[in-house]
>>> print(open('structure_24.txt').read())   # compact mmCIF, C-alpha atoms and all ligand atoms
# COMPACT_ATOMS: atom_id res chain seq x y z
CA MET A 1 -158.19 119.36 -91.20
CA LYS A 2 -157.46 120.63 -87.70
CA ARG A 3 -154.17 122.44 -87.21
CA ARG A 4 -151.95 121.71 -84.21
CA GLU A 5 -148.90 123.74 -83.25
CA PRO A 6 -145.64 121.90 -84.00
CA THR A 7 -143.53 121.27 -80.93
CA GLY A 8 -140.58 119.44 -82.48
CA GLU A 9 -139.73 117.65 -79.25
CA PRO A 10 -137.58 114.56 -79.86
CA ALA A 11 -140.16 112.43 -78.06
CA ALA A 12 -141.03 108.82 -78.71
CA ASP A 13 -141.03 107.53 -82.26
CA LYS A 14 -143.40 109.36 -84.54
CA VAL A 15 -145.19 108.36 -87.70
CA ILE A 16 -143.09 110.21 -90.28
CA LEU A 17 -144.06 110.62 -93.91
CA GLY A 18 -140.99 111.09 -96.14
CA ILE A 19 -140.83 112.51 -99.65
CA ASP A 20 -138.00 112.33 -102.18
CA THR A 21 -138.23 114.10 -105.53
CA SER A 22 -134.53 114.79 -106.01
CA CYS A 23 -134.29 113.22 -109.45
CA ASP A 24 -136.69 111.22 -111.59
CA ASP A 25 -138.54 109.06 -109.07
CA THR A 26 -141.41 110.31 -106.92
CA GLY A 27 -140.82 108.55 -103.61
CA VAL A 28 -143.25 108.68 -100.69
CA GLY A 29 -142.69 106.46 -97.67
CA ILE A 30 -143.90 106.20 -94.11
CA ALA A 31 -141.83 105.05 -91.14
CA LEU A 32 -142.42 104.61 -87.44
CA GLY A 33 -139.09 104.44 -85.66
CA GLU A 34 -136.93 102.16 -87.82
CA LYS A 35 -139.95 100.32 -89.14
CA VAL A 36 -140.98 101.09 -92.72
CA LEU A 37 -144.80 101.06 -92.99
CA ALA A 38 -145.03 102.10 -96.65
CA ASN A 39 -142.71 102.70 -99.57
CA VAL A 40 -144.24 103.94 -102.81
CA VAL A 41 -141.99 104.86 -105.73
CA VAL A 42 -143.50 106.17 -108.94
CA GLY A 43 -140.78 105.89 -111.59
CA GLN A 44 -140.46 107.95 -114.73
CA THR A 45 -138.37 105.54 -116.79
CA ALA A 46 -140.68 105.55 -119.81
CA LEU A 47 -140.73 109.34 -119.85
CA HIS A 48 -136.94 109.78 -120.00
CA ASP A 49 -135.94 106.56 -121.77
CA ARG A 50 -135.97 108.02 -125.28
CA PHE A 51 -133.61 110.82 -124.21
CA GLY A 52 -131.08 108.42 -122.66
CA GLY A 53 -131.06 110.44 -119.44
CA VAL A 54 -133.25 112.52 -117.15
CA MET A 55 -134.86 115.64 -118.64
CA PRO A 56 -135.13 117.99 -115.62
CA GLU A 57 -138.18 119.97 -116.75
CA LEU A 58 -140.15 116.84 -117.58
CA ALA A 59 -139.18 115.33 -114.23
CA SER A 60 -140.53 118.32 -112.25
CA ARG A 61 -143.84 118.32 -114.11
CA GLU A 62 -144.27 114.60 -113.61
CA HIS A 63 -143.56 114.86 -109.86
CA LEU A 64 -146.29 117.48 -109.60
CA GLU A 65 -148.64 115.25 -111.53
CA VAL A 66 -148.25 112.15 -109.34
CA ILE A 67 -147.24 113.29 -105.85
CA ASP A 68 -150.77 113.52 -104.42
CA GLU A 69 -151.62 110.04 -105.63
CA ALA A 70 -148.32 108.68 -104.28
CA VAL A 71 -149.14 110.10 -100.82
CA GLN A 72 -152.60 108.50 -100.91
CA GLN A 73 -151.08 105.18 -101.96
CA ALA A 74 -148.51 105.30 -99.17
CA LEU A 75 -151.22 106.01 -96.58
CA ALA A 76 -153.28 103.11 -97.92
CA GLU A 77 -150.24 100.82 -97.82
CA ALA A 78 -149.59 101.78 -94.19
CA GLY A 79 -153.30 101.56 -93.32
CA LEU A 80 -153.21 105.10 -91.93
CA LYS A 81 -155.22 108.27 -92.30
CA LEU A 82 -153.49 111.53 -93.15
CA GLU A 83 -154.26 112.80 -89.64
CA SER A 84 -152.07 110.03 -88.15
CA VAL A 85 -148.96 111.55 -89.73
CA GLN A 86 -146.93 113.18 -86.91
CA ALA A 87 -144.11 114.73 -88.95
CA VAL A 88 -143.31 115.25 -92.64
CA ALA A 89 -139.79 114.92 -94.06
CA ALA A 90 -138.67 115.93 -97.55
CA THR A 91 -135.37 116.04 -99.43
CA HIS A 92 -134.13 119.61 -99.88
CA GLY A 93 -130.90 118.75 -101.67
CA PRO A 94 -128.82 117.82 -103.51
CA GLY A 95 -130.65 117.13 -106.76
CA LEU A 96 -132.39 118.79 -109.68
CA VAL A 97 -133.66 122.08 -108.34
CA GLY A 98 -137.07 122.03 -110.04
CA ALA A 99 -137.68 118.45 -109.04
CA LEU A 100 -136.57 119.09 -105.43
CA LEU A 101 -138.92 122.08 -105.19
CA VAL A 102 -141.99 119.95 -105.88
CA GLY A 103 -141.45 117.53 -102.98
CA LEU A 104 -140.07 120.20 -100.67
CA SER A 105 -142.97 122.62 -101.17
CA TYR A 106 -145.50 119.82 -100.95
CA GLY A 107 -143.90 118.52 -97.75
CA LYS A 108 -143.81 121.95 -96.12
CA ALA A 109 -147.44 122.65 -97.02
CA LEU A 110 -148.56 119.26 -95.76
CA ALA A 111 -146.68 119.64 -92.47
CA TRP A 112 -147.98 123.17 -91.98
CA GLY A 113 -151.54 122.12 -92.76
CA LEU A 114 -151.38 119.22 -90.34
CA GLY A 115 -149.63 121.34 -87.71
CA VAL A 116 -146.76 118.85 -87.39
CA PRO A 117 -142.98 119.39 -87.65
CA PHE A 118 -141.44 119.69 -91.10
CA LEU A 119 -138.09 117.89 -91.44
CA PRO A 120 -135.67 118.94 -94.23
CA VAL A 121 -133.45 116.00 -95.15
CA HIS A 122 -130.16 115.72 -97.04
CA HIS A 123 -130.60 113.11 -99.78
CA LEU A 124 -127.39 111.27 -98.84
CA GLN A 125 -128.36 111.21 -95.17
CA GLY A 126 -131.46 109.42 -96.45
CA HIS A 127 -129.33 106.83 -98.26
CA LEU A 128 -127.35 106.28 -95.05
CA ALA A 129 -130.47 106.02 -92.89
CA ALA A 130 -131.83 103.32 -95.24
CA ALA A 131 -129.28 100.91 -93.77
CA THR A 132 -131.25 100.35 -90.58
CA GLY A 133 -129.99 98.19 -87.75
CA VAL A 134 -126.46 99.59 -87.69
CA GLN A 135 -125.20 102.23 -85.30
CA PRO A 136 -122.22 104.57 -85.78
CA PRO A 137 -119.30 104.52 -85.87
CA PHE A 138 -119.17 103.02 -89.36
CA LEU A 139 -117.59 103.59 -92.75
CA ALA A 140 -120.14 104.28 -95.49
CA LEU A 141 -119.72 103.86 -99.21
CA ILE A 142 -122.48 105.68 -101.06
CA ALA A 143 -122.61 104.69 -104.72
CA SER A 144 -125.53 106.07 -106.67
CA GLY A 145 -126.27 107.74 -109.99
CA GLY A 146 -125.26 111.15 -108.69
CA HIS A 147 -122.63 110.36 -106.04
CA THR A 148 -119.81 108.00 -105.23
CA ALA A 149 -118.14 108.84 -101.95
CA LEU A 150 -116.79 107.40 -98.71
CA PHE A 151 -117.89 108.81 -95.37
CA ALA A 152 -116.72 108.12 -91.84
CA VAL A 153 -119.91 108.31 -89.79
CA HIS A 154 -118.49 108.86 -86.30
CA GLU A 155 -121.92 109.64 -84.84
CA TRP A 156 -125.22 110.23 -86.61
CA GLY A 157 -124.56 113.93 -86.24
CA LYS A 158 -120.85 113.78 -87.06
CA VAL A 159 -120.07 112.73 -90.61
CA GLU A 160 -116.71 113.20 -92.33
CA GLU A 161 -116.15 112.85 -96.07
CA LEU A 162 -113.02 110.80 -96.77
CA GLY A 163 -113.07 110.86 -100.55
CA ARG A 164 -115.24 110.83 -103.63
CA SER A 165 -115.20 110.32 -107.36
CA ARG A 166 -113.19 112.93 -109.21
CA ASP A 167 -115.49 112.53 -112.24
CA ASP A 168 -118.47 110.24 -112.89
CA ALA A 169 -120.41 108.47 -110.15
CA ALA A 170 -120.42 104.66 -110.31
CA GLY A 171 -124.14 104.51 -111.19
CA GLU A 172 -123.63 107.15 -113.86
CA ALA A 173 -120.88 104.98 -115.38
CA PHE A 174 -123.24 101.97 -115.34
CA ASP A 175 -125.91 104.09 -117.06
CA LYS A 176 -123.55 105.48 -119.70
CA VAL A 177 -122.01 102.12 -120.57
CA ALA A 178 -125.49 100.54 -120.65
CA ARG A 179 -126.44 103.22 -123.15
CA LEU A 180 -123.37 102.45 -125.29
CA LEU A 181 -124.52 98.83 -125.28
CA GLY A 182 -128.04 99.86 -126.27
CA LEU A 183 -129.63 98.77 -123.00
CA GLY A 184 -131.83 101.81 -122.30
CA TYR A 185 -132.16 103.94 -119.18
CA PRO A 186 -131.52 103.52 -116.26
CA GLY A 187 -128.97 101.01 -117.30
CA GLY A 188 -127.54 99.64 -114.04
CA PRO A 189 -129.95 96.74 -113.52
CA ALA A 190 -130.02 95.82 -117.25
CA LEU A 191 -126.23 95.91 -117.50
CA ALA A 192 -125.89 93.75 -114.39
CA GLN A 193 -128.29 91.22 -115.87
CA LEU A 194 -126.32 91.04 -119.12
CA ALA A 195 -123.03 90.86 -117.20
CA ALA A 196 -124.18 87.70 -115.45
CA THR A 197 -124.10 85.89 -118.82
CA GLY A 198 -120.67 87.14 -119.96
CA ASP A 199 -116.98 86.43 -119.37
CA ASP A 200 -115.68 89.01 -116.88
CA HIS A 201 -112.20 88.80 -118.44
CA GLY A 202 -113.60 88.69 -121.98
CA VAL A 203 -112.22 92.07 -123.07
CA LYS A 204 -109.37 94.32 -122.00
CA LEU A 205 -110.29 97.49 -120.10
CA PRO A 206 -108.15 99.79 -117.92
CA TRP A 207 -108.21 99.71 -114.10
CA PRO A 208 -109.25 103.13 -112.71
CA MET A 209 -106.59 105.06 -110.76
CA ALA A 210 -104.16 102.14 -111.01
CA GLY A 211 -101.39 102.45 -108.44
CA SER A 212 -103.12 105.30 -106.56
CA ARG A 213 -103.06 105.38 -102.74
CA GLU A 214 -105.79 108.04 -102.57
CA LEU A 215 -109.29 107.55 -101.24
CA GLU A 216 -110.63 108.61 -104.61
CA PHE A 217 -112.61 107.02 -107.41
CA SER A 218 -112.68 107.69 -111.14
CA PHE A 219 -114.96 106.08 -113.70
CA SER A 220 -114.99 108.32 -116.75
CA GLY A 221 -111.78 106.85 -118.24
CA LEU A 222 -113.26 103.38 -118.02
CA LYS A 223 -116.44 104.55 -119.76
CA THR A 224 -114.38 106.17 -122.54
CA ALA A 225 -112.37 102.96 -122.92
CA VAL A 226 -115.62 101.04 -123.44
CA ALA A 227 -116.72 103.57 -126.06
CA LEU A 228 -113.40 103.21 -127.95
CA LEU A 229 -113.52 99.42 -127.71
CA LEU A 230 -117.02 99.32 -129.20
CA GLU A 231 -115.92 101.63 -131.99
CA ARG A 232 -112.91 99.48 -132.86
CA GLN A 233 -114.58 96.11 -132.36
CA PRO A 234 -118.27 96.57 -133.15
CA HIS A 235 -118.87 92.81 -133.09
CA VAL A 236 -117.43 92.16 -129.65
CA ALA A 237 -119.78 90.19 -127.35
CA ALA A 238 -121.80 92.77 -125.38
CA ALA A 239 -122.13 90.39 -122.42
CA ASP A 240 -118.33 90.16 -122.13
CA VAL A 241 -118.03 93.95 -122.18
CA ALA A 242 -120.75 94.24 -119.51
CA ALA A 243 -119.18 91.55 -117.32
CA THR A 244 -115.65 92.97 -117.57
CA PHE A 245 -116.90 96.50 -116.92
CA GLU A 246 -118.91 95.38 -113.88
CA ARG A 247 -115.94 93.42 -112.48
CA ILE A 248 -113.72 96.49 -112.75
CA VAL A 249 -116.22 98.99 -111.29
CA VAL A 250 -116.98 96.70 -108.35
CA GLY A 251 -113.29 95.87 -107.91
CA SER A 252 -112.35 99.52 -107.89
CA LEU A 253 -115.08 100.42 -105.37
CA LEU A 254 -113.83 97.60 -103.16
CA GLU A 255 -110.15 98.50 -103.50
CA VAL A 256 -110.70 102.05 -102.26
CA THR A 257 -113.14 100.94 -99.56
CA ARG A 258 -110.60 98.41 -98.26
CA ARG A 259 -108.00 101.17 -98.10
CA ALA A 260 -110.40 103.37 -96.13
CA LEU A 261 -111.19 100.55 -93.70
CA GLU A 262 -107.49 99.94 -93.15
CA ARG A 263 -106.78 103.65 -92.63
CA THR A 264 -109.65 104.39 -90.28
CA GLY A 265 -109.66 101.07 -88.45
CA MET A 266 -113.46 101.11 -88.57
CA ARG A 267 -115.11 97.77 -87.87
CA ARG A 268 -118.45 98.35 -89.57
CA LEU A 269 -119.17 99.02 -93.21
CA VAL A 270 -122.41 100.29 -94.74
CA ILE A 271 -122.98 100.26 -98.49
CA ALA A 272 -125.76 102.57 -99.68
CA GLY A 273 -127.16 104.18 -102.83
CA GLY A 274 -128.64 102.65 -105.98
CA VAL A 275 -125.52 100.68 -106.93
CA ALA A 276 -125.82 98.87 -103.56
CA ALA A 277 -128.57 96.89 -105.32
CA ASN A 278 -125.84 95.30 -107.50
CA ALA A 279 -125.52 91.58 -106.74
CA ARG A 280 -121.81 91.33 -107.57
CA LEU A 281 -121.03 94.28 -105.28
CA ARG A 282 -123.07 92.74 -102.47
CA ARG A 283 -121.26 89.43 -102.85
CA GLU A 284 -117.78 90.92 -102.96
CA VAL A 285 -118.42 93.31 -100.06
CA ALA A 286 -119.65 90.43 -97.92
CA ALA A 287 -116.45 88.50 -98.74
CA LEU A 288 -114.29 91.53 -97.94
CA GLY A 289 -116.09 91.90 -94.60
CA GLU A 290 -115.39 88.28 -93.75
CA GLU A 291 -111.75 88.59 -94.74
CA LEU A 292 -111.20 91.70 -92.61
CA GLY A 293 -113.54 90.78 -89.75
CA VAL A 294 -115.67 93.84 -90.51
CA SER A 295 -119.47 93.70 -90.28
CA THR A 296 -121.23 94.70 -93.49
CA THR A 297 -124.72 96.17 -93.87
CA PHE A 298 -126.76 96.90 -96.97
CA PRO A 299 -130.14 98.51 -97.14
CA PRO A 300 -132.81 96.12 -98.40
CA PRO A 301 -132.81 96.46 -102.24
CA ALA A 302 -136.13 98.39 -102.20
CA LEU A 303 -134.53 101.00 -99.93
CA ALA A 304 -131.21 101.14 -101.84
CA THR A 305 -132.45 103.12 -104.84
CA ASP A 306 -134.12 106.49 -104.32
CA ASN A 307 -137.28 106.31 -102.21
CA GLY A 308 -139.31 108.26 -99.66
CA ALA A 309 -139.04 105.76 -96.80
CA MET A 310 -135.31 106.48 -96.43
CA ILE A 311 -136.18 110.18 -96.12
CA ALA A 312 -138.68 109.38 -93.36
CA LEU A 313 -135.97 107.33 -91.59
CA ALA A 314 -133.52 110.22 -91.87
CA GLY A 315 -136.22 112.68 -90.78
CA ARG A 316 -136.23 110.95 -87.43
CA LEU A 317 -132.59 111.99 -86.96
CA VAL A 318 -133.40 115.62 -87.80
CA LEU A 319 -136.18 115.65 -85.24
CA ALA A 320 -133.93 114.13 -82.60
CA GLY A 321 -131.21 116.73 -83.28
CA SER A 322 -128.82 114.02 -84.44
CA ASP A 323 -128.51 115.04 -88.07
CA GLN A 324 -125.17 116.59 -89.04
CA ARG A 325 -126.88 119.89 -89.85
CA TRP A 326 -129.51 120.00 -87.09
CA GLN A 327 -128.06 119.87 -83.61
CA ARG A 328 -131.30 121.33 -82.36
CA TYR A 329 -134.51 121.07 -84.27
CA ASP A 330 -135.99 124.48 -85.08
CA ALA A 331 -139.49 124.37 -86.55
CA SER A 332 -139.43 127.78 -88.24
CA ALA A 333 -135.90 127.36 -89.64
CA ALA A 334 -137.02 124.01 -91.01
CA LEU A 335 -139.98 125.59 -92.81
CA ALA A 336 -137.66 128.25 -94.26
CA THR A 337 -135.23 125.69 -95.77
CA ASP A 338 -134.61 126.21 -99.48
CA ALA A 339 -133.99 123.66 -102.18
CA SER A 340 -130.21 123.29 -102.66
CA PRO A 341 -129.06 121.54 -105.84
CA TYR A 342 -125.45 121.30 -104.61
CA LEU A 343 -125.59 120.51 -100.91
CA PRO A 344 -122.55 118.92 -99.28
CA LEU A 345 -123.23 116.36 -96.57
CA ALA A 346 -120.03 116.98 -94.68
O1 LIG A 401 -129.54 106.12 -105.49
P1 LIG A 401 -130.18 106.10 -106.82
O2 LIG A 401 -131.55 105.48 -106.97
O3 LIG A 401 -130.32 107.54 -107.43
C1 LIG A 401 -129.39 108.56 -107.20
O4 LIG A 401 -129.45 109.20 -106.13
O5 LIG A 401 -128.56 108.73 -108.11
O6 LIG A 401 -129.16 105.38 -107.80
C2 LIG A 401 -129.50 105.14 -109.13
C3 LIG A 401 -128.31 104.50 -109.81
C4 LIG A 401 -128.47 104.44 -111.31
O7 LIG A 401 -127.31 104.93 -111.90
C5 LIG A 401 -128.64 102.94 -111.57
O8 LIG A 401 -128.16 102.54 -112.83
C6 LIG A 401 -127.84 102.33 -110.44
O9 LIG A 401 -128.12 103.17 -109.33
N1 LIG A 401 -128.25 100.95 -110.17
C7 LIG A 401 -127.45 99.89 -110.37
C8 LIG A 401 -128.22 98.74 -110.05
N2 LIG A 401 -129.46 99.16 -109.66
C9 LIG A 401 -129.45 100.52 -109.74
N3 LIG A 401 -126.18 99.81 -110.77
C10 LIG A 401 -125.64 98.60 -110.87
N4 LIG A 401 -126.29 97.45 -110.61
C11 LIG A 401 -127.59 97.47 -110.20
N5 LIG A 401 -128.24 96.33 -109.93
ZN ZN A 402 -130.01 108.76 -104.43
>>> encode(input="structure_24.txt", output="structure tokens")
Amino acid sequence: MKRREPTGEPAADKVILGIDTSCDDTGVGIALGEKVLANVVVGQTALHDRFGGVMPELASREHLEVIDEAVQQALAEAGLKLESVQAVAATHGPGLVGALLVGLSYGKALAWGLGVPFLPVHHLQGHLAAATGVQPPFLALIASGGHTALFAVHEWGKVEELGRSRDDAAGEAFDKVARLLGLGYPGGPALAQLAATGDDHGVKLPWPMAGSRELEFSFSGLKTAVALLLERQPHVAAADVAATFERIVVGSLLEVTRRALERTGMRRLVIAGGVAANARLRREVAALGEELGVSTTFPPPALATDNGAMIALAGRLVLAGSDQRWQRYDASAALATDASPYLPLA
């Protein structure tokens, strides 16, 4: 492999290979401009399923085991040779520190070996960048397993956090309630499937933050209410619990998002993160957009949950100096970036 010196100039679109190992999926994707050429995600569901959640140490080891193969697969999918890669992006936070370190170290070594720029990416910036085809200013709701927050994206490099969950993330609530219903891990998709067959007013559950005017979410009380309900009424129809729970989580996400749209006057809305794959949420957000005359954008479902392609897309912003944290790209600072388990976006 011949080494070139990285220049980091924000020139024409580059072939960027992106890596995400922030949690339990090994994601490797390749993008050229806004076009995704490959998106390989090696999941670890079977590994963590029996624990009902992600075991950090197992996750790191598994990333190490499969990352090379995932890179080869992504190159094959894109029909490219390794030497065609012009920059390498990797998530450096937030996430599980051991898991992050695998993708970050691999990405740095690969970039250094190829002599191309290394691009450290914030995981949530990746989720935002997955919603291609929309330009700031926009309001973004990120709802994933680790985060639920609203951001005003004034410019790509100027992001303001408006509010977040004071306890569990929406995806986390889906996962926990799915577990209470015996649906396995990760529970979001399974719970949504069951919900589609139930009565969404079939049981009584509390509305989160009822009466609040804050731009804040809360889902742990709802989860506890489901646990109590199942204890008191063990024979209640699981589909009705799932449907009612889903209606309330989606309704609560929408209520706060509507408030943020009204307060900021923003005319564009982006929904990102794993929960953006939820069909009910997609439907209700589209209806809200129509009602308010606000355009709504979702990432394609394959780019909504954690993946490497979204990191490649966000890497492009780092290179161009239009990431919140990189007003000017600096090749050696980029290579010195550490893994940060708790990294705020704004
Ligand atoms: O963004 P993501 O892949 O990982 C994090 O960064 O956390 O989000 C994963 C979360 C999980 O909690 C999963 O249950 C949830 O997204 N999720 C869903 C659906 N698909 C994934 N939640 C509800 N409905 C879905 N269809
Ligand atoms: Zn994520």
>>> residues_near_ligand(input="structure_24.txt", ligand="ligand LIG 401 (chain A)", cutoff="10 Å", atoms="only C-alpha atoms and all ligand atoms", output="CSV table (one decimal) with C-alpha atoms, in the coordinates of the input")
chain,number,residue,atom,x,y,z
A,20,ASP,CA,-138.0,112.3,-102.2
A,22,SER,CA,-134.5,114.8,-106.0
A,23,CYS,CA,-134.3,113.2,-109.4
A,24,ASP,CA,-136.7,111.2,-111.6
A,25,ASP,CA,-138.5,109.1,-109.1
A,94,PRO,CA,-128.8,117.8,-103.5
A,95,GLY,CA,-130.6,117.1,-106.8
A,123,HIS,CA,-130.6,113.1,-99.8
A,124,LEU,CA,-127.4,111.3,-98.8
A,126,GLY,CA,-131.5,109.4,-96.4
A,127,HIS,CA,-129.3,106.8,-98.3
A,142,ILE,CA,-122.5,105.7,-101.1
A,143,ALA,CA,-122.6,104.7,-104.7
A,144,SER,CA,-125.5,106.1,-106.7
A,145,GLY,CA,-126.3,107.7,-110.0
A,146,GLY,CA,-125.3,111.2,-108.7
A,147,HIS,CA,-122.6,110.4,-106.0
A,148,THR,CA,-119.8,108.0,-105.2
A,169,ALA,CA,-120.4,108.5,-110.2
A,170,ALA,CA,-120.4,104.7,-110.3
A,171,GLY,CA,-124.1,104.5,-111.2
A,172,GLU,CA,-123.6,107.2,-113.9
A,173,ALA,CA,-120.9,105.0,-115.4
A,174,PHE,CA,-123.2,102.0,-115.3
A,175,ASP,CA,-125.9,104.1,-117.1
A,176,LYS,CA,-123.6,105.5,-119.7
A,177,VAL,CA,-122.0,102.1,-120.6
A,178,ALA,CA,-125.5,100.5,-120.6
A,185,TYR,CA,-132.2,103.9,-119.2
A,186,PRO,CA,-131.5,103.5,-116.3
A,187,GLY,CA,-129.0,101.0,-117.3
A,188,GLY,CA,-127.5,99.6,-114.0
A,189,PRO,CA,-130.0,96.7,-113.5
A,190,ALA,CA,-130.0,95.8,-117.2
A,191,LEU,CA,-126.2,95.9,-117.5
A,192,ALA,CA,-125.9,93.8,-114.4
A,193,GLN,CA,-128.3,91.2,-115.9
A,195,ALA,CA,-123.0,90.9,-117.2
A,246,GLU,CA,-118.9,95.4,-113.9
A,249,VAL,CA,-116.2,99.0,-111.3
A,250,VAL,CA,-117.0,96.7,-108.4
A,272,ALA,CA,-125.8,102.6,-99.7
A,273,GLY,CA,-127.2,104.2,-102.8
A,274,GLY,CA,-128.6,102.6,-106.0
A,275,VAL,CA,-125.5,100.7,-106.9
A,276,ALA,CA,-125.8,98.9,-103.6
A,277,ALA,CA,-128.6,96.9,-105.3
A,278,ASN,CA,-125.8,95.3,-107.5
A,279,ALA,CA,-125.5,91.6,-106.7
A,280,ARG,CA,-121.8,91.3,-107.6
A,281,LEU,CA,-121.0,94.3,-105.3
A,282,ARG,CA,-123.1,92.7,-102.5
A,301,PRO,CA,-132.8,96.5,-102.2
A,302,ALA,CA,-136.1,98.4,-102.2
A,303,LEU,CA,-134.5,101.0,-99.9
A,304,ALA,CA,-131.2,101.1,-101.8
A,305,THR,CA,-132.4,103.1,-104.8
A,306,ASP,CA,-134.1,106.5,-104.3
A,307,ASN,CA,-137.3,106.3,-102.2
>>> residues_around(input="structure_24.txt", residues="region 109-120 of chain A", least_positions_apart="4", cutoff="10 Å", atoms="only C-alpha atoms", output="ChimeraX atom specification")
/A:1-9,16-19,82-93,103-105,311-312,314-319,325-326,329-339
>>> closest_residue(input="structure_24.txt", among="A:Phe245, A:Ala76, A:Arg213, A:Arg259", to="Ala225 (chain A)", atoms="all atoms listed in the file")
A:Phe245
>>> atom_distance(input="structure_24.txt", atom1="CA of Gln125 (chain A)", atom2="CA of Lys81 (chain A)")
27.2 Å
>>> closest_residue(input="structure_24.txt", among="A:Leu183, A:Leu222, A:Leu292, A:Met310", to="ligand ZN 402 (chain A)", atoms="all atoms listed in the file")
A:Met310
>>> closest_residue(input="structure_24.txt", among="A:Leu64, A:Val134, A:Leu96, A:Ala260", to="ligand ZN 402 (chain A)", atoms="only C-alpha atoms and all ligand atoms")
A:Leu96
>>> atom_distance(input="structure_24.txt", atom1="CA of Glu34 (chain A)", atom2="CA of Val71 (chain A)")
19.5 Å
>>> closest_residue(input="structure_24.txt", among="A:Val15, A:Ile271, A:Val28, A:Met209", to="Arg166 (chain A)", atoms="only C-alpha atoms")
A:Met209
>>> atom_distance(input="structure_24.txt", atom1="CA of Leu254 (chain A)", atom2="CA of Asp167 (chain A)")
17.6 Å
>>> closest_residue(input="structure_24.txt", among="A:Ile30, A:Val36, A:Ala46, A:Ala130", to="ligand ZN 402 (chain A)", atoms="only C-alpha atoms and all ligand atoms")
A:Ala130
>>> closest_residue(input="structure_24.txt", among="A:Ala227, A:Met55, A:Tyr106, A:Leu128", to="ligand ZN 402 (chain A)", atoms="all atoms listed in the file")
A:Leu128
>>> residues_around(input="structure_24.txt", residues="Ala38 (chain A)", least_positions_apart="6", cutoff="7 Å", atoms="all atoms listed in the file", output="PDB file with C-alpha atoms, keeping the file's coordinate frame")
ATOM      1  CA  GLY A  29    -142.690 106.460 -97.670  1.00  0.00           C
ATOM      2  CA  ILE A  30    -143.900 106.200 -94.110  1.00  0.00           C
ATOM      3  CA  ALA A  74    -148.510 105.300 -99.170  1.00  0.00           C
ATOM      4  CA  GLU A  77    -150.240 100.820 -97.820  1.00  0.00           C
ATOM      5  CA  ALA A  78    -149.590 101.780 -94.190  1.00  0.00           C
TER       6      ALA A  78
END
>>> axis_aligned_box(input="structure_24.txt", around="region 10-24 of chain A", padding_each_side="4 Å", output="JSON")
{"center_x": -139.7, "center_y": 111.2, "center_z": -94.8, "size_x": 18.9, "size_y": 15.3, "size_z": 41.5}
>>> residues_around(input="structure_24.txt", residues="Pro56 (chain A)", least_positions_apart="2", cutoff="12 Å", atoms="all atoms listed in the file", output="list in words")
Thr21, Ser22, Cys23, Asp24, Asp25, Gln44, Leu47, His48, Phe51, Gly53, Val54, Leu58, Ala59, Ser60, Arg61, Glu62, His63, Gly95, Leu96, Val97, Gly98, Ala99, Leu100 and Leu101 of chain A
>>> build_atoms(input="structure_24.txt", residues="region 137-148 of chain A", atoms="N, CA and C atoms", output="PDB file, keeping the file's coordinate frame")
ATOM      1  N   PRO A 137    -120.057 104.093 -84.693  1.00  0.00           N
ATOM      2  CA  PRO A 137    -119.300 104.520 -85.870  1.00  0.00           C
ATOM      3  C   PRO A 137    -119.269 103.459 -86.973  1.00  0.00           C
ATOM      4  N   PHE A 138    -119.358 103.934 -88.237  1.00  0.00           N
ATOM      5  CA  PHE A 138    -119.170 103.020 -89.360  1.00  0.00           C
ATOM      6  C   PHE A 138    -118.618 103.788 -90.564  1.00  0.00           C
ATOM      7  N   LEU A 139    -118.037 103.021 -91.475  1.00  0.00           N
ATOM      8  CA  LEU A 139    -117.590 103.590 -92.750  1.00  0.00           C
ATOM      9  C   LEU A 139    -118.726 103.382 -93.733  1.00  0.00           C
ATOM     10  N   ALA A 140    -119.049 104.416 -94.517  1.00  0.00           N
ATOM     11  CA  ALA A 140    -120.140 104.280 -95.490  1.00  0.00           C
ATOM     12  C   ALA A 140    -119.631 104.544 -96.889  1.00  0.00           C
ATOM     13  N   LEU A 141    -119.951 103.623 -97.784  1.00  0.00           N
ATOM     14  CA  LEU A 141    -119.720 103.860 -99.210  1.00  0.00           C
ATOM     15  C   LEU A 141    -121.090 104.149 -99.823  1.00  0.00           C
ATOM     16  N   ILE A 142    -121.248 105.363-100.341  1.00  0.00           N
ATOM     17  CA  ILE A 142    -122.480 105.680-101.060  1.00  0.00           C
ATOM     18  C   ILE A 142    -122.168 105.668-102.540  1.00  0.00           C
ATOM     19  N   ALA A 143    -122.822 104.775-103.265  1.00  0.00           N
ATOM     20  CA  ALA A 143    -122.610 104.690-104.720  1.00  0.00           C
ATOM     21  C   ALA A 143    -123.959 104.761-105.390  1.00  0.00           C
ATOM     22  N   SER A 144    -124.222 105.889-106.022  1.00  0.00           N
ATOM     23  CA  SER A 144    -125.530 106.070-106.670  1.00  0.00           C
ATOM     24  C   SER A 144    -125.302 106.652-108.058  1.00  0.00           C
ATOM     25  N   GLY A 145    -126.395 107.149-108.657  1.00  0.00           N
ATOM     26  CA  GLY A 145    -126.270 107.740-109.990  1.00  0.00           C
ATOM     27  C   GLY A 145    -125.630 109.114-109.934  1.00  0.00           C
ATOM     28  N   GLY A 146    -125.783 109.790-108.806  1.00  0.00           N
ATOM     29  CA  GLY A 146    -125.260 111.150-108.690  1.00  0.00           C
ATOM     30  C   GLY A 146    -124.008 111.254-107.839  1.00  0.00           C
ATOM     31  N   HIS A 147    -123.738 110.258-106.998  1.00  0.00           N
ATOM     32  CA  HIS A 147    -122.630 110.360-106.040  1.00  0.00           C
ATOM     33  C   HIS A 147    -121.887 109.042-105.911  1.00  0.00           C
ATOM     34  N   THR A 148    -120.578 109.150-105.703  1.00  0.00           N
ATOM     35  CA  THR A 148    -119.810 108.000-105.230  1.00  0.00           C
ATOM     36  C   THR A 148    -118.803 108.557-104.251  1.00  0.00           C
TER      37      THR A 148
END
